[in-house]
>>> print(open('entry_24.csv').read())   # CSV, C-alpha atoms
chain,number,residue,atom,x,y,z
A,1280,MET,CA,108.2,-78.0,-61.6
A,1281,LEU,CA,106.0,-80.5,-63.1
A,1282,LYS,CA,103.2,-78.2,-63.2
A,1283,GLN,CA,100.0,-79.5,-64.2
A,1284,SER,CA,102.1,-81.8,-66.0
A,1285,LEU,CA,100.2,-84.5,-64.5
A,1286,VAL,CA,97.7,-83.7,-66.8
A,1287,LEU,CA,98.2,-86.1,-68.2
A,1288,LEU,CA,98.1,-87.4,-67.7
A,1289,SER,CA,99.0,-88.1,-68.4
A,1290,SER,CA,97.5,-88.6,-68.7
A,1291,LEU,CA,96.7,-89.7,-69.9
A,1292,LEU,CA,96.0,-92.3,-71.6
A,1293,LEU,CA,93.9,-94.3,-73.9
A,1294,ALA,CA,93.6,-97.7,-75.2
A,1295,PRO,CA,91.7,-100.1,-77.3
A,1296,ALA,CA,89.6,-102.9,-76.1
A,1297,PHE,CA,87.9,-106.2,-76.9
A,1298,ALA,CA,86.9,-107.5,-73.6
A,1299,ASP,CA,88.2,-106.0,-70.4
A,1300,TRP,CA,91.7,-104.8,-70.6
A,1301,THR,CA,93.8,-103.6,-67.6
A,1302,VAL,CA,96.9,-101.4,-67.4
A,1303,ALA,CA,100.1,-103.4,-66.9
A,1304,PRO,CA,101.8,-100.8,-64.6
A,1305,GLU,CA,105.2,-102.3,-64.7
A,1306,GLN,CA,105.2,-102.0,-68.5
A,1307,SER,CA,103.7,-98.5,-68.6
A,1308,SER,CA,105.0,-95.0,-68.1
A,1309,LEU,CA,103.7,-91.4,-68.0
A,1310,HIS,CA,106.0,-88.4,-68.4
A,1311,PHE,CA,105.7,-84.6,-68.5
A,1312,MET,CA,108.2,-81.8,-68.9
A,1313,SER,CA,108.7,-78.5,-67.2
A,1314,THR,CA,110.9,-75.5,-68.0
A,1315,LYS,CA,112.2,-73.2,-65.4
A,1316,ASN,CA,114.0,-69.9,-65.9
A,1317,ALA,CA,113.1,-70.0,-69.6
A,1318,GLN,CA,115.9,-72.4,-70.5
A,1319,VAL,CA,116.2,-75.4,-68.1
A,1320,THR,CA,113.8,-78.2,-69.2
A,1321,GLU,CA,113.4,-81.3,-67.2
A,1322,VAL,CA,111.6,-84.6,-67.7
A,1323,HIS,CA,109.5,-85.9,-64.8
A,1324,ALA,CA,107.3,-89.0,-64.3
A,1325,PHE,CA,104.4,-90.4,-62.4
A,1326,GLU,CA,105.5,-93.8,-61.0
A,1327,GLU,CA,102.0,-95.2,-60.7
A,1328,LEU,CA,99.0,-95.5,-62.9
A,1329,SER,CA,96.2,-97.9,-63.2
A,1330,GLY,CA,93.1,-98.3,-65.4
A,1331,SER,CA,91.1,-100.4,-67.7
A,1332,VAL,CA,89.0,-100.5,-70.8
A,1333,SER,CA,85.7,-102.2,-70.6
A,1334,ASP,CA,84.3,-104.5,-73.3
A,1335,SER,CA,82.1,-101.6,-74.3
A,1336,GLY,CA,85.1,-99.3,-74.9
A,1337,LYS,CA,84.9,-97.2,-71.7
A,1338,LEU,CA,88.4,-96.2,-70.8
A,1339,MET,CA,89.4,-95.0,-67.3
A,1340,ILE,CA,93.0,-94.2,-66.3
A,1341,GLU,CA,93.9,-93.1,-62.7
A,1342,VAL,CA,97.2,-91.5,-61.7
A,1343,PRO,CA,98.0,-91.1,-58.0
A,1344,LEU,CA,99.5,-87.7,-57.8
A,1345,SER,CA,101.6,-88.7,-54.8
A,1346,SER,CA,103.6,-90.8,-57.3
A,1347,VAL,CA,105.2,-87.8,-59.0
A,1348,ASN,CA,108.9,-88.3,-59.4
A,1349,THR,CA,111.2,-85.4,-60.4
A,1350,ASN,CA,114.3,-87.1,-59.1
A,1351,ILE,CA,114.5,-84.6,-56.3
A,1352,PRO,CA,112.7,-85.7,-53.2
A,1353,ILE,CA,112.0,-82.3,-51.7
A,1354,ARG,CA,110.6,-81.1,-55.1
A,1355,ASN,CA,108.4,-84.2,-55.2
A,1356,THR,CA,107.0,-83.3,-51.7
A,1357,ARG,CA,106.5,-79.7,-52.6
A,1358,MET,CA,104.7,-80.6,-55.8
A,1359,GLN,CA,102.5,-83.1,-53.9
A,1360,GLU,CA,101.6,-80.5,-51.3
A,1361,LYS,CA,101.7,-77.1,-53.0
A,1362,LEU,CA,100.8,-77.9,-56.6
A,1363,PHE,CA,98.6,-81.0,-56.6
A,1364,ASN,CA,97.3,-80.7,-53.0
A,1365,VAL,CA,97.2,-84.5,-52.8
A,1366,ALA,CA,95.4,-84.4,-49.4
A,1367,LYS,CA,92.4,-83.0,-51.1
A,1368,PHE,CA,92.9,-84.2,-54.7
A,1369,PRO,CA,94.8,-87.5,-54.5
A,1370,ALA,CA,94.5,-88.6,-58.2
A,1371,ALA,CA,94.0,-87.4,-61.7
A,1372,THR,CA,91.7,-89.4,-64.0
A,1373,PHE,CA,91.2,-89.6,-67.7
A,1374,THR,CA,88.0,-91.1,-69.1
A,1375,ALA,CA,87.1,-91.6,-72.8
A,1376,ASP,CA,85.1,-93.7,-75.2
A,1377,VAL,CA,87.6,-95.7,-77.2
A,1378,PRO,CA,87.0,-95.3,-81.0
A,1379,ALA,CA,85.2,-98.3,-82.5
A,1380,ASP,CA,88.0,-99.1,-85.0
A,1381,LEU,CA,90.5,-99.5,-82.1
A,1382,MET,CA,88.1,-102.0,-80.5
A,1383,LYS,CA,88.4,-104.2,-83.6
A,1384,LEU,CA,92.2,-104.1,-84.0
A,1385,GLN,CA,93.6,-107.6,-85.0
A,1386,PRO,CA,96.7,-109.2,-83.4
A,1387,GLY,CA,99.9,-108.1,-85.2
A,1388,SER,CA,98.4,-104.9,-86.5
A,1389,SER,CA,98.7,-101.2,-85.5
A,1390,THR,CA,97.1,-97.9,-86.3
A,1391,THR,CA,97.1,-94.3,-85.3
A,1392,ALA,CA,94.1,-92.5,-83.8
A,1393,LYS,CA,93.0,-89.5,-81.8
A,1394,VAL,CA,91.3,-90.2,-78.5
A,1395,ASP,CA,89.2,-87.5,-77.0
A,1396,GLY,CA,88.3,-87.6,-73.4
A,1397,THR,CA,88.0,-85.8,-70.1
A,1398,LEU,CA,90.8,-85.2,-67.7
A,1399,SER,CA,89.9,-84.6,-64.1
A,1400,LEU,CA,92.7,-82.9,-62.2
A,1401,HIS,CA,92.7,-80.7,-59.0
A,1402,GLY,CA,88.8,-80.8,-58.9
A,1403,VAL,CA,88.4,-79.6,-62.5
A,1404,GLU,CA,87.2,-81.5,-65.5
A,1405,ALA,CA,88.3,-80.5,-69.0
A,1406,PRO,CA,88.4,-82.0,-72.5
A,1407,VAL,CA,91.8,-83.4,-73.5
A,1408,SER,CA,92.9,-85.3,-76.7
A,1409,PHE,CA,95.8,-87.6,-77.3
A,1410,ASN,CA,97.2,-88.6,-80.7
A,1411,VAL,CA,98.3,-92.2,-80.3
A,1412,SER,CA,99.8,-95.2,-82.0
A,1413,VAL,CA,98.0,-98.4,-81.0
A,1414,SER,CA,99.6,-101.8,-81.5
A,1415,LYS,CA,97.8,-105.1,-80.8
A,1416,VAL,CA,100.9,-107.1,-80.0
A,1417,SER,CA,99.0,-110.3,-79.4
A,1418,ALA,CA,95.5,-111.5,-78.6
A,1419,ASP,CA,95.9,-110.4,-75.0
A,1420,THR,CA,98.4,-107.5,-75.2
A,1421,MET,CA,97.9,-103.9,-76.5
A,1422,VAL,CA,100.4,-101.1,-76.4
A,1423,VAL,CA,99.4,-97.5,-76.7
A,1424,ASN,CA,102.0,-94.7,-77.2
A,1425,THR,CA,101.6,-91.0,-77.7
A,1426,VAL,CA,102.5,-90.0,-81.3
A,1427,SER,CA,103.1,-86.4,-80.1
A,1428,PRO,CA,103.0,-84.7,-76.7
A,1429,THR,CA,99.7,-83.3,-75.5
A,1430,LEU,CA,100.0,-79.9,-73.9
A,1431,ILE,CA,98.3,-79.4,-70.5
A,1432,GLY,CA,97.8,-75.9,-69.1
A,1433,ALA,CA,98.1,-75.1,-65.4
A,1434,GLU,CA,95.4,-72.4,-65.7
A,1435,THR,CA,92.8,-74.9,-67.1
A,1436,PHE,CA,93.1,-77.0,-63.9
A,1437,GLY,CA,93.5,-74.3,-61.3
A,1438,LEU,CA,97.2,-75.0,-60.8
A,1439,THR,CA,98.6,-71.5,-61.4
A,1440,ALA,CA,98.7,-70.5,-57.7
A,1441,GLY,CA,100.6,-73.7,-56.9
A,1442,LEU,CA,103.1,-73.1,-59.6
A,1443,ASP,CA,103.6,-69.6,-58.3
A,1444,MET,CA,104.3,-70.9,-54.8
A,1445,LEU,CA,106.8,-73.4,-56.2
A,1446,GLN,CA,108.5,-70.7,-58.2
A,1447,ASN,CA,108.8,-68.5,-55.1
A,1448,ILE,CA,110.0,-71.3,-52.8
A,1449,ALA,CA,112.7,-72.2,-55.3
A,1450,GLY,CA,113.7,-68.6,-56.1
A,1451,LEU,CA,113.1,-69.0,-59.8
A,1452,LYS,CA,112.4,-66.3,-62.4
A,1453,SER,CA,109.8,-68.5,-64.1
A,1454,ILE,CA,108.2,-71.9,-64.5
A,1455,THR,CA,106.2,-72.6,-67.7
A,1456,GLN,CA,102.5,-72.8,-67.3
A,1457,THR,CA,102.1,-75.5,-69.9
A,1458,SER,CA,103.5,-79.0,-69.8
A,1459,PRO,CA,103.9,-81.5,-72.6
A,1460,VAL,CA,102.7,-85.0,-71.6
A,1461,THR,CA,103.6,-88.3,-73.1
A,1462,PHE,CA,103.0,-91.9,-72.2
A,1463,SER,CA,103.4,-95.5,-73.2
A,1464,VAL,CA,100.8,-97.8,-71.7
A,1465,THR,CA,100.5,-101.6,-72.0
A,1466,PHE,CA,97.1,-103.1,-71.6
A,1467,GLU,CA,96.6,-106.8,-70.9
A,1468,MET,CA,93.4,-108.8,-71.3
A,1469,GLU,CA,91.9,-109.8,-68.0
>>> encode(input="entry_24.csv", output="structure tokens")
Amino acid sequence: MLKQSLVLLSSLLLAPAFADWTVAPEQSSLHFMSTKNAQVTEVHAFEELSGSVSDSGKLMIEVPLSSVNTNIPIRNTRMQEKLFNVAKFPAATFTADVPADLMKLQPGSSTTAKVDGTLSLHGVEAPVSFNVSVSKVSADTMVVNTVSPTLIGAETFGLTAGLDMLQNIAGLKSITQTSPVTFSVTFEME
């Protein structure tokens, strides 16, 4: 029960830039948590994400919602169909303007920052912020990690009815309506 967890999506995700940076998907991850029956919490992931930061600091991250992975294939399918409606809304996107100080980060240095942007999920756009740690590992590699989870609410993105369907199908007493989202994203210079 990933819920709007995706939100995130992840989220999520922000990054610094100098020229054009692209997400290194094999070195990046996006996770969210769900709690069912008020006491069973599970960690889920989106297995795919892509994105870039332009030389002007424009960030765009895209998460194919069909890549949701709960470690239970039937739950993945139900989330894709009932919660995210991937036939109509195949991806979530996060866009932001990267803060200027992150654009100037020198190799070997790191900092923390807040990145404010817009999450587009299930046909709805809403403001979302991520508190992140940014490390410029080398001249051509940047790693961005969440410092704390960002909470994404199902109601904000019109996902409540889908969560209710999942709850009924699984015979659960409850599924939380808010999901914590975390990520670690590696950007590489193009």
>>> closest_residue(input="entry_24.csv", among="A:Val1332, A:Leu1362, A:Leu1384, A:Val1460", to="Ala1418 in chain A", atoms="all atoms listed in the file")
A:Leu1384
>>> residues_near_point(input="entry_24.csv", point="(109.7, -69.4, -67.1)", cutoff="9 Å", atoms="all atoms listed in the file", output="PDB file with C-alpha atoms, in the frame of the given file")
ATOM      1  CA  THR A1314     110.900 -75.500 -68.000  1.00  0.00           C
ATOM      2  CA  LYS A1315     112.200 -73.200 -65.400  1.00  0.00           C
ATOM      3  CA  ASN A1316     114.000 -69.900 -65.900  1.00  0.00           C
ATOM      4  CA  ALA A1317     113.100 -70.000 -69.600  1.00  0.00           C
ATOM      5  CA  GLN A1318     115.900 -72.400 -70.500  1.00  0.00           C
ATOM      6  CA  VAL A1319     116.200 -75.400 -68.100  1.00  0.00           C
ATOM      7  CA  LEU A1451     113.100 -69.000 -59.800  1.00  0.00           C
ATOM      8  CA  LYS A1452     112.400 -66.300 -62.400  1.00  0.00           C
ATOM      9  CA  SER A1453     109.800 -68.500 -64.100  1.00  0.00           C
ATOM     10  CA  ILE A1454     108.200 -71.900 -64.500  1.00  0.00           C
ATOM     11  CA  THR A1455     106.200 -72.600 -67.700  1.00  0.00           C
ATOM     12  CA  GLN A1456     102.500 -72.800 -67.300  1.00  0.00           C
TER      13      GLN A1456
END
>>> atom_distance(input="entry_24.csv", atom1="CA of Ser1346 in chain A", atom2="CA of Thr1301 in chain A")
19.1 Å
>>> closest_residue(input="entry_24.csv", among="A:Met1358, A:Val1422, A:Gly1336, A:Ala1392", to="Val1464 in chain A", atoms="all atoms listed in the file")
A:Val1422
>>> closest_residue(input="entry_24.csv", among="A:Gly1330, A:Gly1402, A:Gly1387, A:Pro1459", to="Phe1373 in chain A", atoms="all atoms listed in the file")
A:Gly1330
>>> closest_residue(input="entry_24.csv", among="A:Val1403, A:Thr1439, A:Gly1432, A:Lys1393", to="Ala1379 in chain A", atoms="all atoms listed in the file")
A:Lys1393
>>> residues_around(input="entry_24.csv", residues="Ala1370 in chain A", least_positions_apart="2", cutoff="7 Å", atoms="all atoms listed in the file", output="PyMOL selection string")
chain A and resi 1341-1344+1368+1372
>>> closest_residue(input="entry_24.csv", among="A:Thr1320, A:Thr1465, A:Ser1389, A:Thr1349", to="Asp1419 in chain A", atoms="only C-alpha atoms")
A:Thr1465
>>> closest_residue(input="entry_24.csv", among="A:Gln1359, A:Lys1337, A:Leu1400, A:Ser1345", to="Ala1375 in chain A", atoms="all atoms listed in the file")
A:Lys1337
>>> residues_near_point(input="entry_24.csv", point="(104.0, -73.6, -60.6)", cutoff="7 Å", atoms="all atoms listed in the file", output="ChimeraX atom specification")
/A:1280,1282,1362,1438-1446,1454,1456
>>> write_last_selection(input="entry_24.csv", atoms="C-alpha atoms", output="PDB file, in the frame of the given file")
ATOM      1  CA  MET A1280     108.200 -78.000 -61.600  1.00  0.00           C
ATOM      2  CA  LYS A1282     103.200 -78.200 -63.200  1.00  0.00           C
ATOM      3  CA  LEU A1362     100.800 -77.900 -56.600  1.00  0.00           C
ATOM      4  CA  LEU A1438      97.200 -75.000 -60.800  1.00  0.00           C
ATOM      5  CA  THR A1439      98.600 -71.500 -61.400  1.00  0.00           C
ATOM      6  CA  ALA A1440      98.700 -70.500 -57.700  1.00  0.00           C
ATOM      7  CA  GLY A1441     100.600 -73.700 -56.900  1.00  0.00           C
ATOM      8  CA  LEU A1442     103.100 -73.100 -59.600  1.00  0.00           C
ATOM      9  CA  ASP A1443     103.600 -69.600 -58.300  1.00  0.00           C
ATOM     10  CA  MET A1444     104.300 -70.900 -54.800  1.00  0.00           C
ATOM     11  CA  LEU A1445     106.800 -73.400 -56.200  1.00  0.00           C
ATOM     12  CA  GLN A1446     108.500 -70.700 -58.200  1.00  0.00           C
ATOM     13  CA  ILE A1454     108.200 -71.900 -64.500  1.00  0.00           C
ATOM     14  CA  GLN A1456     102.500 -72.800 -67.300  1.00  0.00           C
TER      15      GLN A1456
END
>>> atom_distance(input="entry_24.csv", atom1="CA of Glu1327 in chain A", atom2="CA of Pro1386 in chain A")
27.2 Å
>>> atom_distance(input="entry_24.csv", atom1="CA of Pro1352 in chain A", atom2="CA of His1323 in chain A")
12.0 Å
>>> residues_around(input="entry_24.csv", residues="Ser1427 in chain A", least_positions_apart="5", cutoff="10 Å", atoms="only C-alpha atoms", output="PyMOL selection string")
chain A and resi 1409-1412+1459-1462
>>> build_atoms(input="entry_24.csv", residues="range 1315-1350 of chain A", atoms="N, CA and C atoms", output="mmCIF file, in the coordinates of the input")
data_model
loop_
_atom_site.group_PDB
_atom_site.id
_atom_site.type_symbol
_atom_site.label_atom_id
_atom_site.label_comp_id
_atom_site.auth_asym_id
_atom_site.auth_seq_id
_atom_site.Cartn_x
_atom_site.Cartn_y
_atom_site.Cartn_z
ATOM 1 N N LYS A 1315 112.062 -74.242 -66.408
ATOM 2 C CA LYS A 1315 112.200 -73.200 -65.400
ATOM 3 C C LYS A 1315 113.265 -72.180 -65.927
ATOM 4 N N ASN A 1316 113.086 -70.938 -65.500
ATOM 5 C CA ASN A 1316 114.000 -69.900 -65.900
ATOM 6 C C ASN A 1316 114.179 -69.796 -67.417
ATOM 7 N N ALA A 1317 113.150 -70.139 -68.150
ATOM 8 C CA ALA A 1317 113.100 -70.000 -69.600
ATOM 9 C C ALA A 1317 114.061 -70.879 -70.387
ATOM 10 N N GLN A 1318 114.904 -71.673 -69.712
ATOM 11 C CA GLN A 1318 115.900 -72.400 -70.500
ATOM 12 C C GLN A 1318 116.263 -73.791 -69.909
ATOM 13 N N VAL A 1319 115.820 -74.122 -68.719
ATOM 14 C CA VAL A 1319 116.200 -75.400 -68.100
ATOM 15 C C VAL A 1319 114.925 -76.304 -68.179
ATOM 16 N N THR A 1320 114.961 -77.274 -69.078
ATOM 17 C CA THR A 1320 113.800 -78.200 -69.200
ATOM 18 C C THR A 1320 114.175 -79.525 -68.623
ATOM 19 N N GLU A 1321 113.218 -80.062 -67.867
ATOM 20 C CA GLU A 1321 113.400 -81.300 -67.200
ATOM 21 C C GLU A 1321 112.259 -82.273 -67.490
ATOM 22 N N VAL A 1322 112.562 -83.577 -67.501
ATOM 23 C CA VAL A 1322 111.600 -84.600 -67.700
ATOM 24 C C VAL A 1322 111.231 -85.229 -66.377
ATOM 25 N N HIS A 1323 109.936 -85.351 -66.084
ATOM 26 C CA HIS A 1323 109.500 -85.900 -64.800
ATOM 27 C C HIS A 1323 108.506 -87.085 -65.150
ATOM 28 N N ALA A 1324 108.136 -87.820 -64.123
ATOM 29 C CA ALA A 1324 107.300 -89.000 -64.300
ATOM 30 C C ALA A 1324 106.283 -89.128 -63.180
ATOM 31 N N PHE A 1325 105.254 -89.896 -63.438
ATOM 32 C CA PHE A 1325 104.400 -90.400 -62.400
ATOM 33 C C PHE A 1325 104.705 -91.909 -62.337
ATOM 34 N N GLU A 1326 105.068 -92.388 -61.166
ATOM 35 C CA GLU A 1326 105.500 -93.800 -61.000
ATOM 36 C C GLU A 1326 104.405 -94.787 -60.952
ATOM 37 N N GLU A 1327 103.173 -94.324 -60.764
ATOM 38 C CA GLU A 1327 102.000 -95.200 -60.700
ATOM 39 C C GLU A 1327 100.921 -94.805 -61.583
ATOM 40 N N LEU A 1328 100.277 -95.768 -62.190
ATOM 41 C CA LEU A 1328 99.000 -95.500 -62.900
ATOM 42 C C LEU A 1328 98.306 -96.835 -63.020
ATOM 43 N N SER A 1329 97.024 -96.742 -63.096
ATOM 44 C CA SER A 1329 96.200 -97.900 -63.200
ATOM 45 C C SER A 1329 95.022 -97.570 -64.128
ATOM 46 N N GLY A 1330 94.296 -98.578 -64.551
ATOM 47 C CA GLY A 1330 93.100 -98.300 -65.400
ATOM 48 C C GLY A 1330 92.677 -99.505 -66.153
ATOM 49 N N SER A 1331 91.634 -99.284 -66.918
ATOM 50 C CA SER A 1331 91.100 -100.400 -67.700
ATOM 51 C C SER A 1331 90.236 -99.825 -68.844
ATOM 52 N N VAL A 1332 89.944 -100.731 -69.765
ATOM 53 C CA VAL A 1332 89.000 -100.500 -70.800
ATOM 54 C C VAL A 1332 87.987 -101.592 -70.793
ATOM 55 N N SER A 1333 86.723 -101.227 -70.680
ATOM 56 C CA SER A 1333 85.700 -102.200 -70.600
ATOM 57 C C SER A 1333 85.392 -102.825 -71.972
ATOM 58 N N ASP A 1334 84.632 -103.895 -71.985
ATOM 59 C CA ASP A 1334 84.300 -104.500 -73.300
ATOM 60 C C ASP A 1334 83.447 -103.599 -74.136
ATOM 61 N N SER A 1335 82.848 -102.576 -73.535
ATOM 62 C CA SER A 1335 82.100 -101.600 -74.300
ATOM 63 C C SER A 1335 82.895 -100.407 -74.759
ATOM 64 N N GLY A 1336 84.213 -100.407 -74.435
ATOM 65 C CA GLY A 1336 85.100 -99.300 -74.900
ATOM 66 C C GLY A 1336 85.216 -98.163 -73.941
ATOM 67 N N LYS A 1337 84.743 -98.321 -72.724
ATOM 68 C CA LYS A 1337 84.900 -97.200 -71.700
ATOM 69 C C LYS A 1337 86.253 -97.319 -71.096
ATOM 70 N N LEU A 1338 87.018 -96.247 -71.286
ATOM 71 C CA LEU A 1338 88.400 -96.200 -70.800
ATOM 72 C C LEU A 1338 88.403 -95.337 -69.497
ATOM 73 N N MET A 1339 89.166 -95.794 -68.504
ATOM 74 C CA MET A 1339 89.400 -95.000 -67.300
ATOM 75 C C MET A 1339 90.820 -95.265 -66.837
ATOM 76 N N ILE A 1340 91.584 -94.170 -66.734
ATOM 77 C CA ILE A 1340 93.000 -94.200 -66.300
ATOM 78 C C ILE A 1340 93.047 -93.375 -65.004
ATOM 79 N N GLU A 1341 93.714 -93.888 -63.973
ATOM 80 C CA GLU A 1341 93.900 -93.100 -62.700
ATOM 81 C C GLU A 1341 95.387 -93.021 -62.419
ATOM 82 N N VAL A 1342 95.806 -91.808 -62.050
ATOM 83 C CA VAL A 1342 97.200 -91.500 -61.700
ATOM 84 C C VAL A 1342 97.252 -90.954 -60.307
ATOM 85 N N PRO A 1343 97.804 -91.706 -59.337
ATOM 86 C CA PRO A 1343 98.000 -91.100 -58.000
ATOM 87 C C PRO A 1343 99.021 -90.013 -58.067
ATOM 88 N N LEU A 1344 98.617 -88.809 -57.702
ATOM 89 C CA LEU A 1344 99.500 -87.700 -57.800
ATOM 90 C C LEU A 1344 100.669 -87.728 -56.833
ATOM 91 N N SER A 1345 100.520 -88.515 -55.797
ATOM 92 C CA SER A 1345 101.600 -88.700 -54.800
ATOM 93 C C SER A 1345 102.771 -89.477 -55.448
ATOM 94 N N SER A 1346 102.563 -90.059 -56.635
ATOM 95 C CA SER A 1346 103.600 -90.800 -57.300
ATOM 96 C C SER A 1346 104.504 -89.995 -58.194
ATOM 97 N N VAL A 1347 104.350 -88.657 -58.147
ATOM 98 C CA VAL A 1347 105.200 -87.800 -59.000
ATOM 99 C C VAL A 1347 106.648 -87.992 -58.624
ATOM 100 N N ASN A 1348 107.480 -88.073 -59.652
ATOM 101 C CA ASN A 1348 108.900 -88.300 -59.400
ATOM 102 C C ASN A 1348 109.699 -87.315 -60.327
ATOM 103 N N THR A 1349 110.347 -86.351 -59.656
ATOM 104 C CA THR A 1349 111.200 -85.400 -60.400
ATOM 105 C C THR A 1349 112.652 -85.647 -60.173
ATOM 106 N N ASN A 1350 112.954 -86.741 -59.478
ATOM 107 C CA ASN A 1350 114.300 -87.100 -59.100
ATOM 108 C C ASN A 1350 114.928 -86.230 -58.051
#
